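Undergrad: Just one file: coords-v8.cif, with mmCIF, C-alpha atoms and all ligand atoms.
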data_my_file
#
loop_
_atom_site.label_atom_id
_atom_site.label_comp_id
_atom_site.auth_asym_id
_atom_site.auth_seq_id
_atom_site.Cartn_x
_atom_site.Cartn_y
_atom_site.Cartn_z
CA MET I 6 32.37 16.36 -5.10
CA GLN I 7 32.03 14.12 -2.03
CA VAL I 8 29.01 14.94 0.13
CA VAL I 9 28.37 13.29 3.48
CA VAL I 10 24.92 13.56 5.07
CA ILE I 11 24.75 12.61 8.76
CA GLY I 12 21.24 11.38 9.59
CA SER I 13 18.64 9.49 7.57
CA GLY I 14 15.50 11.23 8.80
CA HIS I 15 13.16 13.62 7.01
CA ALA I 16 15.84 16.29 6.55
CA GLY I 17 18.58 13.90 5.41
CA PHE I 18 16.28 12.20 2.95
CA SER I 19 15.01 15.51 1.57
CA ALA I 20 18.61 16.63 0.98
CA VAL I 21 19.52 13.39 -0.80
CA ASN I 22 16.48 13.74 -3.06
CA THR I 23 17.45 17.31 -3.87
CA PHE I 24 20.97 16.19 -4.79
CA LEU I 25 19.57 13.47 -7.05
CA LYS I 26 17.26 15.90 -8.82
CA ASN I 27 19.89 18.57 -9.38
CA GLU I 28 23.32 17.04 -9.89
CA GLU I 29 24.55 13.77 -11.28
CA ASP I 30 28.20 14.12 -10.53
CA LEU I 31 28.18 13.69 -6.75
CA GLU I 32 29.49 10.99 -4.47
CA ILE I 33 26.80 10.88 -1.78
CA THR I 34 27.20 9.09 1.54
CA MET I 35 24.31 8.98 4.00
CA ILE I 36 25.38 7.76 7.43
CA THR I 37 23.01 7.07 10.29
CA GLU I 38 23.01 5.43 13.69
CA ASP I 39 19.61 3.99 12.83
CA PRO I 40 19.72 0.34 11.72
CA TYR I 41 17.03 1.08 9.10
CA PRO I 42 17.01 3.39 6.07
CA PHE I 43 14.66 6.41 6.05
CA TYR I 44 11.09 5.94 7.29
CA PRO I 45 8.41 8.58 7.95
CA ARG I 46 8.17 9.03 11.70
CA PRO I 47 4.39 9.70 11.78
CA ILE I 48 3.69 6.09 10.78
CA ILE I 49 5.90 4.24 13.26
CA TYR I 50 2.98 3.93 15.69
CA LYS I 51 1.78 1.18 13.31
CA ILE I 52 4.64 -1.00 14.55
CA ILE I 53 3.11 -0.86 18.03
CA GLN I 54 -0.03 -2.26 16.44
CA GLY I 55 1.96 -5.11 14.87
CA GLU I 56 3.14 -3.75 11.52
CA LYS I 57 6.53 -5.11 10.39
CA PRO I 58 9.43 -2.59 10.23
CA GLU I 59 10.00 -3.33 6.53
CA ASN I 60 6.47 -2.10 5.83
CA VAL I 61 7.14 1.42 7.13
CA ILE I 62 10.43 1.79 5.26
CA ARG I 63 9.55 3.65 2.09
CA TYR I 64 12.76 3.05 0.14
CA PRO I 65 14.55 -0.26 0.68
CA LYS I 66 18.35 -0.58 0.60
CA LYS I 67 18.17 -1.44 -3.10
CA TRP I 68 16.87 2.06 -3.87
CA TYR I 69 20.09 3.56 -2.47
CA ILE I 70 22.23 1.13 -4.47
CA ASP I 71 20.26 1.93 -7.64
CA HIS I 72 20.82 5.66 -7.05
CA ASN I 73 24.49 5.24 -6.30
CA ILE I 74 24.19 6.36 -2.70
CA ASN I 75 26.57 4.93 -0.14
CA LEU I 76 24.15 4.19 2.71
CA VAL I 77 25.92 3.46 6.01
CA LEU I 78 23.53 2.15 8.67
CA ASN I 79 23.95 1.51 12.36
CA LYS I 80 27.00 3.75 12.83
CA ARG I 81 27.05 6.77 15.11
CA VAL I 82 29.24 9.69 14.06
CA ILE I 83 31.21 10.85 17.09
CA GLY I 84 33.61 13.36 15.58
CA ILE I 85 34.04 15.89 12.79
CA GLU I 86 37.58 16.85 11.78
CA ASN I 87 36.83 19.83 9.58
CA LYS I 88 40.48 20.78 9.11
CA ASP I 89 41.08 17.41 7.45
CA ASN I 90 37.54 17.08 6.02
CA PHE I 91 36.41 13.80 7.51
CA VAL I 92 33.90 12.45 10.01
CA ILE I 93 34.67 9.58 12.34
CA THR I 94 32.33 6.95 13.75
CA GLU I 95 32.28 5.06 17.04
CA ASP I 96 34.12 2.11 15.48
CA GLY I 97 36.83 4.35 14.00
CA THR I 98 35.53 4.44 10.40
CA LYS I 99 36.55 7.67 8.66
CA LEU I 100 34.50 9.21 5.85
CA SER I 101 35.94 12.06 3.81
CA TYR I 102 33.86 14.95 2.54
CA ASP I 103 34.11 18.12 0.52
CA LYS I 104 30.77 19.27 1.96
CA LEU I 105 29.08 17.97 5.09
CA LEU I 106 25.39 18.20 5.99
CA ILE I 107 24.33 17.54 9.58
CA THR I 108 20.71 16.37 9.98
CA THR I 109 20.95 14.60 13.32
CA GLY I 110 17.47 15.60 14.50
CA SER I 111 16.47 15.77 18.14
CA LYS I 112 15.78 13.43 21.03
CA PRO I 113 12.92 13.15 23.53
CA PHE I 114 12.85 15.59 26.41
CA ILE I 115 12.40 13.79 29.73
CA PRO I 116 10.78 16.07 32.33
CA PRO I 117 12.47 16.26 35.74
CA ILE I 118 9.69 14.50 37.68
CA PRO I 119 10.80 12.87 40.95
CA GLY I 120 10.99 9.10 40.44
CA ILE I 121 10.88 9.19 36.64
CA HIS I 122 14.33 7.65 36.29
CA ASP I 123 13.77 4.88 38.83
CA GLY I 124 12.51 2.56 36.09
CA PRO I 125 11.92 2.44 32.35
CA VAL I 126 10.39 5.44 30.57
CA TYR I 127 9.30 4.62 27.04
CA CYS I 128 9.61 7.26 24.30
CA LEU I 129 8.63 6.95 20.64
CA ARG I 130 11.24 8.28 18.24
CA SER I 131 12.36 5.34 16.10
CA ILE I 132 11.32 1.92 14.81
CA ASP I 133 13.31 0.30 17.62
CA ASP I 134 11.46 2.42 20.21
CA ALA I 135 8.15 1.28 18.70
CA LEU I 136 9.24 -2.38 18.89
CA LYS I 137 10.15 -1.95 22.59
CA ILE I 138 6.80 -0.29 23.32
CA ARG I 139 4.94 -3.11 21.59
CA LYS I 140 6.84 -5.75 23.56
CA LYS I 141 6.09 -4.00 26.84
CA ALA I 142 2.42 -3.45 25.91
CA LEU I 143 1.91 -7.11 25.06
CA ASN I 144 3.36 -8.11 28.44
CA CYS I 145 1.46 -5.49 30.42
CA GLU I 146 -0.64 -7.41 32.96
CA THR I 147 -2.97 -4.65 34.11
CA LYS I 148 -3.30 -3.05 30.66
CA LYS I 149 -2.87 0.35 32.30
CA ALA I 150 -0.48 2.91 30.82
CA THR I 151 0.23 6.59 31.33
CA ILE I 152 1.22 8.97 28.56
CA LEU I 153 2.85 12.21 29.65
CA GLY I 154 2.04 15.05 27.24
CA GLY I 155 -0.92 15.83 25.00
CA GLY I 156 0.65 16.58 21.61
CA LEU I 157 0.72 14.77 18.28
CA LEU I 158 2.82 11.90 19.55
CA SER I 159 0.56 11.28 22.53
CA VAL I 160 -2.47 11.03 20.29
CA GLU I 161 -0.64 8.58 18.01
CA LEU I 162 0.50 6.54 21.02
CA ALA I 163 -3.00 6.48 22.53
CA LYS I 164 -4.41 5.30 19.24
CA ALA I 165 -1.83 2.53 18.82
CA LEU I 166 -2.09 1.32 22.42
CA SER I 167 -5.91 1.36 22.44
CA GLU I 168 -5.90 -0.89 19.41
CA ILE I 169 -3.88 -3.57 21.21
CA GLY I 170 -5.97 -3.51 24.35
CA ILE I 171 -4.08 -1.02 26.54
CA ALA I 172 -6.11 1.73 28.20
CA PRO I 173 -3.88 4.79 28.43
CA THR I 174 -4.32 7.88 30.56
CA ILE I 175 -3.02 11.07 28.96
CA ILE I 176 -1.80 13.72 31.40
CA ASP I 177 -1.32 17.22 30.05
CA ARG I 178 -1.01 20.60 31.66
CA SER I 179 -2.97 22.17 28.76
CA PRO I 180 -6.76 22.37 28.75
CA TYR I 181 -6.98 20.31 25.54
CA LEU I 182 -5.01 18.06 23.16
CA LEU I 183 -2.78 19.27 20.32
CA ARG I 184 -2.21 22.73 21.74
CA LYS I 185 0.13 23.60 18.84
CA GLN I 186 -2.31 22.49 16.13
CA LEU I 187 -5.72 23.50 17.52
CA ASP I 188 -7.48 26.47 19.09
CA GLY I 189 -9.57 26.00 22.26
CA GLU I 190 -12.83 25.35 20.41
CA GLY I 191 -11.16 22.92 18.00
CA GLY I 192 -9.49 21.15 20.92
CA TYR I 193 -12.82 20.73 22.69
CA PHE I 194 -14.44 19.47 19.47
CA PHE I 195 -11.62 17.00 18.72
CA ASN I 196 -11.74 15.64 22.24
CA LYS I 197 -15.49 15.13 22.15
CA ILE I 198 -15.32 12.97 19.05
CA LEU I 199 -12.11 11.22 20.14
CA ASP I 200 -13.72 10.33 23.46
CA LYS I 201 -16.28 8.22 21.64
CA SER I 202 -13.72 6.16 19.74
CA LEU I 203 -10.58 5.79 21.90
CA ASP I 204 -10.31 3.88 25.15
CA THR I 205 -8.33 6.73 26.69
CA ARG I 206 -8.72 8.80 29.85
CA PHE I 207 -7.75 12.46 29.55
CA LEU I 208 -6.46 14.44 32.52
CA PHE I 209 -6.18 18.04 31.34
CA ASN I 210 -4.91 21.03 33.32
CA SER I 211 -2.95 18.43 35.25
CA THR I 212 0.72 17.87 36.01
CA CYS I 213 2.46 14.70 37.05
CA GLN I 214 4.19 15.52 40.33
CA LYS I 215 5.80 12.26 41.33
CA ILE I 216 6.24 8.65 40.22
CA GLN I 217 6.63 5.93 42.82
CA ARG I 218 7.84 2.61 41.47
CA ASN I 219 7.09 -0.74 42.98
CA GLY I 220 8.67 -3.36 40.73
CA GLU I 221 6.78 -3.35 37.44
CA LYS I 222 3.89 -1.28 38.86
CA MET I 223 3.89 2.41 39.68
CA THR I 224 1.81 5.07 41.37
CA ILE I 225 1.37 8.33 39.51
CA GLU I 226 0.74 11.42 41.59
CA ILE I 227 -1.03 14.22 39.76
CA LYS I 228 -2.00 17.75 40.64
CA ASP I 229 -4.96 19.54 39.09
CA VAL I 230 -7.23 22.43 40.07
CA ILE I 231 -8.98 20.29 42.67
CA GLY I 232 -5.85 19.05 44.39
CA VAL I 233 -3.48 16.10 44.44
CA SER I 234 -4.58 12.56 43.59
CA LYS I 235 -2.95 9.22 42.78
CA TYR I 236 -3.59 6.25 40.55
CA LYS I 237 -1.73 3.06 39.63
CA CYS I 238 -0.41 1.94 36.28
CA GLU I 239 2.25 -0.34 34.85
CA PHE I 240 3.73 1.39 31.88
CA LEU I 241 4.99 4.98 31.45
CA LEU I 242 5.33 6.68 28.08
CA ASN I 243 6.83 10.11 27.76
CA ALA I 244 5.80 12.45 24.95
CA THR I 245 6.43 15.83 26.53
CA GLY I 246 8.57 17.30 23.76
CA ILE I 247 12.00 17.23 22.22
CA GLN I 248 15.46 18.50 23.01
CA ASN I 249 18.69 18.64 21.09
CA ASP I 250 21.70 16.43 21.50
CA ASN I 251 24.47 18.93 20.79
CA SER I 252 27.36 16.66 21.79
CA LEU I 253 28.67 16.12 18.24
CA ALA I 254 28.38 19.82 17.33
CA ASN I 255 30.00 20.88 20.58
CA LYS I 256 32.90 18.51 20.15
CA ALA I 257 33.42 19.71 16.58
CA GLY I 258 33.51 23.33 17.78
CA LEU I 259 30.40 24.44 15.86
CA THR I 260 28.66 27.56 17.15
CA LEU I 261 25.38 26.78 18.89
CA GLY I 262 22.28 28.98 19.00
CA LYS I 263 19.94 28.99 21.98
CA TYR I 264 19.05 25.31 21.57
CA ALA I 265 20.88 23.78 18.64
CA ILE I 266 23.41 24.26 15.84
CA SER I 267 23.38 27.86 14.68
CA VAL I 268 22.89 28.31 10.93
CA ASP I 269 22.48 31.31 8.64
CA PRO I 270 19.61 31.58 6.11
CA HIS I 271 21.72 29.52 3.65
CA MET I 272 21.75 26.75 6.30
CA LYS I 273 25.52 27.22 6.70
CA THR I 274 27.02 26.57 10.11
CA SER I 275 29.88 28.53 11.63
CA MET I 276 32.40 26.21 9.90
CA LYS I 277 33.41 26.23 6.27
CA ASN I 278 31.80 23.48 4.16
CA ILE I 279 29.48 22.35 6.96
CA TYR I 280 25.71 22.83 6.65
CA ALA I 281 22.89 21.70 8.93
CA ALA I 282 19.10 21.39 8.71
CA GLY I 283 15.97 20.07 10.43
CA ASP I 284 15.39 19.51 14.14
CA ALA I 285 19.16 19.81 14.74
CA VAL I 286 19.34 23.53 13.90
CA ASP I 287 18.58 26.87 15.42
CA ILE I 288 17.96 29.40 12.67
CA GLY I 289 16.54 32.17 14.83
CA SER I 290 13.18 33.76 14.25
CA PHE I 291 11.14 33.19 11.11
CA PRO I 292 7.65 34.51 11.96
CA GLY I 293 5.02 31.82 11.43
CA SER I 294 7.61 29.05 11.05
CA LYS I 295 7.69 26.20 13.54
CA PHE I 296 10.55 24.08 14.78
CA GLY I 297 10.40 20.29 15.27
CA ILE I 298 8.08 19.45 12.40
CA ILE I 299 8.52 17.63 9.11
CA PRO I 300 7.70 20.47 6.67
CA THR I 301 10.43 22.63 8.26
CA ALA I 302 12.98 19.79 8.14
CA ILE I 303 12.20 19.06 4.48
CA ASP I 304 12.34 22.72 3.38
CA GLN I 305 15.53 23.52 5.27
CA ALA I 306 17.32 20.42 3.98
CA ARG I 307 16.33 21.24 0.40
CA ILE I 308 17.77 24.75 0.82
CA ALA I 309 20.94 23.35 2.44
CA ALA I 310 21.40 20.88 -0.44
CA LEU I 311 20.93 23.60 -3.07
CA ASN I 312 23.50 25.78 -1.33
CA ILE I 313 25.91 22.85 -1.15
CA LEU I 314 25.46 22.68 -4.93
CA GLY I 315 26.42 26.36 -5.12
CA LYS I 316 22.96 27.82 -5.80
CA GLU I 317 23.03 30.56 -3.09
CA ILE I 318 19.38 30.31 -1.99
CA GLN I 319 18.01 31.59 1.31
CA TYR I 320 15.53 29.70 3.47
CA PRO I 321 12.26 31.64 3.25
CA GLY I 322 10.57 30.09 6.32
CA THR I 323 7.97 27.33 6.30
CA VAL I 324 4.22 27.46 6.64
CA PRO I 325 3.61 24.63 9.11
CA TRP I 326 1.00 22.02 8.36
CA THR I 327 0.03 18.77 9.99
CA THR I 328 -2.42 16.13 8.87
CA LEU I 329 -3.28 13.04 10.80
CA LYS I 330 -5.99 10.45 11.02
CA VAL I 331 -6.82 9.19 14.48
CA ALA I 332 -9.55 6.65 15.10
CA GLY I 333 -10.93 7.43 11.64
CA ILE I 334 -10.96 11.20 12.26
CA ASP I 335 -9.11 13.41 9.77
CA LEU I 336 -7.39 16.38 11.32
CA THR I 337 -5.49 19.10 9.49
CA SER I 338 -3.85 22.18 10.92
CA ILE I 339 -2.20 24.66 8.56
CA GLY I 340 -0.23 27.79 9.39
CA ASP I 341 -0.68 29.75 12.58
CA VAL I 342 -3.83 28.85 14.50
CA THR I 343 -2.64 29.95 17.91
CA MET I 344 -2.15 33.70 17.33
CA GLU I 345 -3.11 35.64 20.39
CA SER I 346 -4.18 39.03 19.11
CA GLY I 347 -5.74 40.71 16.07
CA VAL I 348 -7.21 37.49 14.73
CA GLU I 349 -10.51 37.20 12.89
CA GLU I 350 -12.14 33.78 12.69
CA LYS I 351 -14.17 33.15 9.55
CA GLY I 352 -15.70 30.31 7.54
CA VAL I 353 -16.51 28.53 10.80
CA VAL I 354 -18.37 25.22 10.65
CA LEU I 355 -19.05 23.37 13.90
CA ASP I 356 -21.19 20.31 13.28
CA PHE I 357 -21.12 17.67 16.02
CA ASP I 358 -23.59 15.40 14.21
CA ARG I 359 -21.37 15.03 11.15
CA GLY I 360 -18.18 15.39 13.21
CA ILE I 361 -16.99 18.36 11.14
CA TYR I 362 -15.14 21.43 12.39
CA ARG I 363 -13.59 24.08 10.17
CA LYS I 364 -12.11 27.43 11.04
CA LEU I 365 -10.09 29.93 9.01
CA PHE I 366 -7.87 32.44 10.82
CA PHE I 367 -7.25 35.87 9.30
CA LYS I 368 -4.89 38.55 10.49
CA ASN I 369 -4.72 41.96 8.79
CA GLN I 370 -7.29 40.57 6.31
CA LYS I 371 -4.90 37.78 5.23
CA LEU I 372 -5.41 34.03 5.65
CA ARG I 373 -2.85 32.83 8.18
CA GLY I 374 -4.18 29.52 9.45
CA VAL I 375 -6.76 26.76 8.96
CA ILE I 376 -8.14 23.95 11.10
CA LEU I 377 -10.11 21.10 9.53
CA ILE I 378 -11.48 18.22 11.60
CA GLY I 379 -13.54 15.41 10.10
CA THR I 380 -13.11 16.71 6.56
CA ARG I 381 -10.43 17.15 3.93
CA GLU I 382 -12.59 19.29 1.69
CA ASN I 383 -10.57 21.94 -0.18
CA LEU I 384 -7.45 20.90 1.74
CA ARG I 385 -5.06 21.49 -1.17
CA SER I 386 -6.55 24.91 -1.99
CA LEU I 387 -6.58 25.96 1.66
CA LYS I 388 -2.93 25.03 1.99
CA ASP I 389 -2.01 27.07 -1.10
CA LEU I 390 -4.17 30.01 0.01
CA THR I 391 -2.52 30.02 3.46
CA MET I 392 0.95 29.83 1.91
CA LYS I 393 0.26 32.91 -0.19
CA LYS I 394 -1.59 34.71 2.64
CA ALA I 395 -4.69 35.17 0.49
CA SER I 396 -7.30 37.84 1.25
CA PHE I 397 -10.76 36.88 2.49
CA GLN I 398 -12.20 37.83 -0.90
CA GLU I 399 -9.80 35.45 -2.71
CA VAL I 400 -10.62 32.65 -0.26
CA LYS I 401 -14.34 33.32 -0.65
CA ASN I 402 -14.14 33.23 -4.43
CA GLU I 403 -12.05 30.08 -4.57
CA LEU I 404 -14.05 28.10 -2.02
CA ASN I 405 -17.53 29.55 -2.60
CA LEU I 406 -17.82 30.52 1.05
CA ALA I 407 -20.93 32.32 2.22
C1 LIG S 501 6.50 9.36 16.33
C2 LIG S 501 6.64 10.72 15.72
C3 LIG S 501 5.59 11.26 15.02
C4 LIG S 501 5.71 12.52 14.44
N1 LIG S 501 4.66 13.02 13.73
C5 LIG S 501 4.80 14.20 13.09
C6 LIG S 501 3.74 14.70 12.26
O1 LIG S 501 2.67 14.10 12.13
N2 LIG S 501 3.95 15.88 11.61
C7 LIG S 501 5.13 16.58 11.73
O2 LIG S 501 5.28 17.62 11.09
N3 LIG S 501 6.13 16.13 12.52
C8 LIG S 501 6.01 14.96 13.19
N4 LIG S 501 7.03 14.50 13.98
C9 LIG S 501 8.28 15.29 14.09
C10 LIG S 501 9.18 15.00 12.90
O3 LIG S 501 9.30 13.61 12.72
C11 LIG S 501 10.55 15.65 13.04
O4 LIG S 501 10.39 17.04 13.07
C12 LIG S 501 11.45 15.25 11.88
O5 LIG S 501 11.68 13.86 11.91
C13 LIG S 501 12.77 16.01 11.90
O6 LIG S 501 13.57 15.51 10.86
P1 LIG S 501 15.17 15.47 11.00
O7 LIG S 501 15.66 14.80 9.78
O8 LIG S 501 15.67 16.79 11.38
O9 LIG S 501 15.43 14.53 12.27
P2 LIG S 501 15.12 12.99 12.44
O10 LIG S 501 13.99 12.58 11.58
O11 LIG S 501 15.04 12.78 13.91
O12 LIG S 501 16.43 12.26 11.90
C14 LIG S 501 17.66 12.33 12.58
C15 LIG S 501 18.56 11.26 12.03
O13 LIG S 501 19.88 11.45 12.51
C16 LIG S 501 20.42 10.20 12.98
N5 LIG S 501 21.47 10.53 13.94
C17 LIG S 501 21.37 11.31 15.05
N6 LIG S 501 22.58 11.47 15.62
C18 LIG S 501 23.47 10.78 14.86
C19 LIG S 501 24.88 10.57 14.92
N7 LIG S 501 25.63 11.13 15.86
N8 LIG S 501 25.44 9.78 13.98
C20 LIG S 501 24.70 9.22 12.98
N9 LIG S 501 23.37 9.40 12.87
C21 LIG S 501 22.76 10.17 13.79
C22 LIG S 501 19.20 9.47 13.51
O14 LIG S 501 19.41 8.09 13.59
C23 LIG S 501 18.17 9.84 12.42
O15 LIG S 501 18.35 9.03 11.29
C24 LIG S 501 6.93 13.25 14.58
C25 LIG S 501 7.98 12.71 15.32
C26 LIG S 501 7.85 11.45 15.88
C27 LIG S 501 9.00 10.87 16.65
#
Go ahead and render the structure in this file as structure tokens.
Ligand SMILES: Cc1cc2nc3c(=O)[nH]c(=O)nc-3n(C[C@H](O)[C@H](O)[C@H](O)COP(=O)(O)OP(=O)(O)OC[C@H]3O[C@@H](n4cnc5c(N)ncnc54)[C@H](O)[C@@H]3O)c2cc1C
TA:
Amino acid sequence: MQVVVIGSGHAGFSAVNTFLKNEEDLEITMITEDPYPFYPRPIIYKIIQGEKPENVIRYPKKWYIDHNINLVLNKRVIGIENKDNFVITEDGTKLSYDKLLITTGSKPFIPPIPGIHDGPVYCLRSIDDALKIRKKALNCETKKATILGGGLLSVELAKALSEIGIAPTIIDRSPYLLRKQLDGEGGYFFNKILDKSLDTRFLFNSTCQKIQRNGEKMTIEIKDVIGVSKYKCEFLLNATGIQNDNSLANKAGLTLGKYAISVDPHMKTSMKNIYAAGDAVDIGSFPGSKFGIIPTAIDQARIAALNILGKEIQYPGTVPWTTLKVAGIDLTSIGDVTMESGVEEKGVVLDFDRGIYRKLFFKNQKLRGVILIGTRENLRSLKDLTMKKASFQEVKNELNLA
């Protein structure tokens, strides 16, 4: 059977691994517009700090050759002819398939701020983006940058830029960083300890209203509870979220959901023999699951690959988890930590001196989410306990909680 995987990101790579583990008799092609084979996106900030691209690529080209995978780099797929079972690239190359898996991911969302398009806006999505950001940072005279957004990417960008002498300002409309991974108390705690170690200014509860460009320099106009103010900087980075590029799916005639390619719980699209997974899909509501994160992309792609192999398995949803280390601070967020009602917070540790924060979130007596800052103690167990929605008694017994 000939399988073509479009995309070499977390979903595409997870699918290829699943194929390799489960079936020997496949002809696998992985095609990507990226000039590099798979790399984990959370570590590309290291390139801004000076790391070489080859050092963030986990599996060199030789790995694909050794595993009999036809890896096609630097080619964008622009068409899918499902009637004749082939995909076509920008340069006219045709690749035949029996089964096709689309894992084309997402792209940065650029907010409609007046003036934003009057000059370069830097976004971090790929190795090449990171190289461009590094080049700009090294040539930045005033060393002043602005990062729009206060999520994971912004924190990674702030960390990378601080380390090469750029002082970024993060603007976010939320009252604290990492709104999807932290509760209010955790956000306040994280910020307090981050403040000590990063050369970054935080403007919370603020929105960027306007950008006025003057050659390489720009004036940023922000609005907060006090009013409108302005400051100057030289370098604008956007990390306000993601959106889907549905052009390929649209052209192929695939049914779209609200945002992206519509798939059923087997990760099948509306067309025969075509599957999709990761950031590129819209699978409807799976309570507790989150879109736009690596665990979801990996799980969905594994399910898609197994279904391609005829296993008939449904996607069960994904318990989200994120771990990162910023300025020496470990941060882990597992499951749902932003539930609005009926939540009981237990096992709370808030220790500024040791820089440790821990909170467990229970709903209907079941463990639904965990935040750990400054510690990785019991991380594995807490992840497993959240996955199986353990009771407080089980958690207490396993972790010796008071
Ligand atoms: C800098 C950064 C840090 C992140 N950190 C975290 C984190 O700490 N934790 C977390 O859970 N998530 C994180 N994320 C989000 C996470 O990386 C994504 O959710 C994940 O990459 C989605 O995987 P995917 O395979 O669906 O898409 P992607 O990884 O985006 O891969 C899409 C692939 O498709 C290719 N492609 C697209 N269109 C075409 C086309 N027409 N033809 C050929 N190839 C095409 C692209 O080149 C790429 O190879 C981060 C994202 C970024 C950018």
Undergrad: Using all atoms listed in the file, which protein or nucleic acid residues come within 8 Å of Ile313 in chain I? Drop anything in the same chain fewer than 3 positions from it, and give the result as a PDB file with C-alpha atoms, in the frame of the given file.
TA:
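That gives us part09.pdb:
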ATOM      1  CA  LYS I 104      30.770  19.270   1.960  1.00  0.00           C
ATOM      2  CA  ASN I 278      31.800  23.480   4.160  1.00  0.00           C
ATOM      3  CA  TYR I 280      25.710  22.830   6.650  1.00  0.00           C
ATOM      4  CA  ALA I 309      20.940  23.350   2.440  1.00  0.00           C
ATOM      5  CA  ALA I 310      21.400  20.880  -0.440  1.00  0.00           C
ATOM      6  CA  LYS I 316      22.960  27.820  -5.800  1.00  0.00           C
TER       7      LYS I 316
END
Undergrad: Using only C-alpha atoms and all ligand atoms, which protein or nucleic acid residues are at most 8 Å from ligand LIG 501 (chain S), as a PyMOL selection string?
TA: chain I and resi 11-18+36-40+42-43+45-50+79-83+94+108-112+129-131+157-158+161+250+253+282-285+296-303+325-329
Undergrad: Nearest to Asp133 in chain I among I:Pro58, I:Gly333, I:Pro180, I:Gly170, with distances taken over all atoms listed in the file: which residue is it?
TA: I:Pro58
Undergrad: Could you check the closest approach to Asp287 in chain I for each of I:Ile115, I:Ile107, I:Ala244, I:Ala265 and tell me which residue wins, using all atoms listed in the file?
TA: I:Ala265
Undergrad: Quick one: everything within 12 Å of Leu100 in chain I, counting all atoms listed in the file, minus sequence neighbours fewer than 4 positions away in the same chain. Send it as a ChimeraX atom specification.
TA: /I:7-11,32-36,75-77,80,82-87,89-94,96,104-105
Undergrad: Range 230-236 of chain I, all listed atoms, 4 Å padding on each side: what axis-aligned box centre and edge lengths in Å to one decimal come out, as AutoDock Vina command-line options?
TA:
--center_x -6.0 --center_y 14.3 --center_z 42.3 --size_x 14.0 --size_y 24.2 --size_z 12.4
Undergrad: Contacts of Tyr320 in chain I at 7 Å or less, counting only C-alpha atoms, minus same-chain residues fewer than 5 places along, as a PyMOL selection string?
TA: chain I and resi 270-271+305+308
Undergrad: Neighbouring residues of Arg218 in chain I were defined as those with any atom within 12 Å, considering all atoms listed in the file; residues of the same chain fewer than 5 positions away were excluded. Please report them as a PyMOL selection string.
TA: chain I and resi 119-126+223-226+237-241
Undergrad: With range 358-362 of chain I as the partner and 10 Å as the cut-off, tabulate the residues of range 189-307 of chain I that qualify, each row holding the nearest pair of atoms and their distance in Å to one decimal, using all atoms listed in the file, sorted by chain and rising number, as CSV.
TA:
residue,atom,partner,partner_atom,distance
I:Glu190,CA,I:Tyr362,CA,9.2
I:Gly191,CA,I:Tyr362,CA,7.0
I:Phe194,CA,I:Tyr362,CA,7.4
I:Phe195,CA,I:Tyr362,CA,8.5
I:Lys197,CA,I:Gly360,CA,9.3
I:Ile198,CA,I:Gly360,CA,6.9
Undergrad: Just the number, please: distance in Å from CA of Ile334 in chain I to CA of Lys141 in chain I, one decimal.
TA: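 Between CA of Ile334 in chain I and CA of Lys141 in chain I the gap is 27.1 Å.
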Undergrad: Calculated over all atoms listed in the file, which of the candidates I:Ile53, I:Ala281, I:Val160, I:Leu311 has the smallest distance to Glu28 in chain I?
TA: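 Among the listed residues, I:Leu311 lies closest to Glu28 in chain I.
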Undergrad: Would you compute the distance between CA of Lys149 in chain I and CA of Ala172 in chain I? Give it in Å to one decimal.
TA: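 Pair CA of Lys149 in chain I / CA of Ala172 in chain I returns 5.4 Å.
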Undergrad: Mind giving me the straight-line distance from CA of Glu349 in chain I to CA of Phe366 in chain I in Å, one decimal?
TA: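 Atom-to-atom, CA of Glu349 in chain I and CA of Phe366 in chain I are spaced 5.8 Å apart.
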Undergrad: Which residue is closest to Glu168 in chain I? Choose from I:Gln217, I:Ala20, I:Arg363, I:Gly55 and count only C-alpha atoms.
TA: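 So, comparing all the options, the nearest one is I:Gly55.
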Undergrad: Leaving out Pro173 in chain I and any residue of its chain fewer than 6 positions from it, which residues lie within 9 Å of it when counting only C-alpha atoms, given as a PyMOL selection string?
TA: chain I and resi 148-152+162-163+166-167+204-207
Undergrad: How would the residues just picked look written out with C-alpha atoms as a PDB file, in the frame of the given file?
TA:
ATOM      1  CA  LYS I 148      -3.300  -3.050  30.660  1.00  0.00           C
ATOM      2  CA  LYS I 149      -2.870   0.350  32.300  1.00  0.00           C
ATOM      3  CA  ALA I 150      -0.480   2.910  30.820  1.00  0.00           C
ATOM      4  CA  THR I 151       0.230   6.590  31.330  1.00  0.00           C
ATOM      5  CA  ILE I 152       1.220   8.970  28.560  1.00  0.00           C
ATOM      6  CA  LEU I 162       0.500   6.540  21.020  1.00  0.00           C
ATOM      7  CA  ALA I 163      -3.000   6.480  22.530  1.00  0.00           C
ATOM      8  CA  LEU I 166      -2.090   1.320  22.420  1.00  0.00           C
ATOM      9  CA  SER I 167      -5.910   1.360  22.440  1.00  0.00           C
ATOM     10  CA  ASP I 204     -10.310   3.880  25.150  1.00  0.00           C
ATOM     11  CA  THR I 205      -8.330   6.730  26.690  1.00  0.00           C
ATOM     12  CA  ARG I 206      -8.720   8.800  29.850  1.00  0.00           C
ATOM     13  CA  PHE I 207      -7.750  12.460  29.550  1.00  0.00           C
TER      14      PHE I 207
END
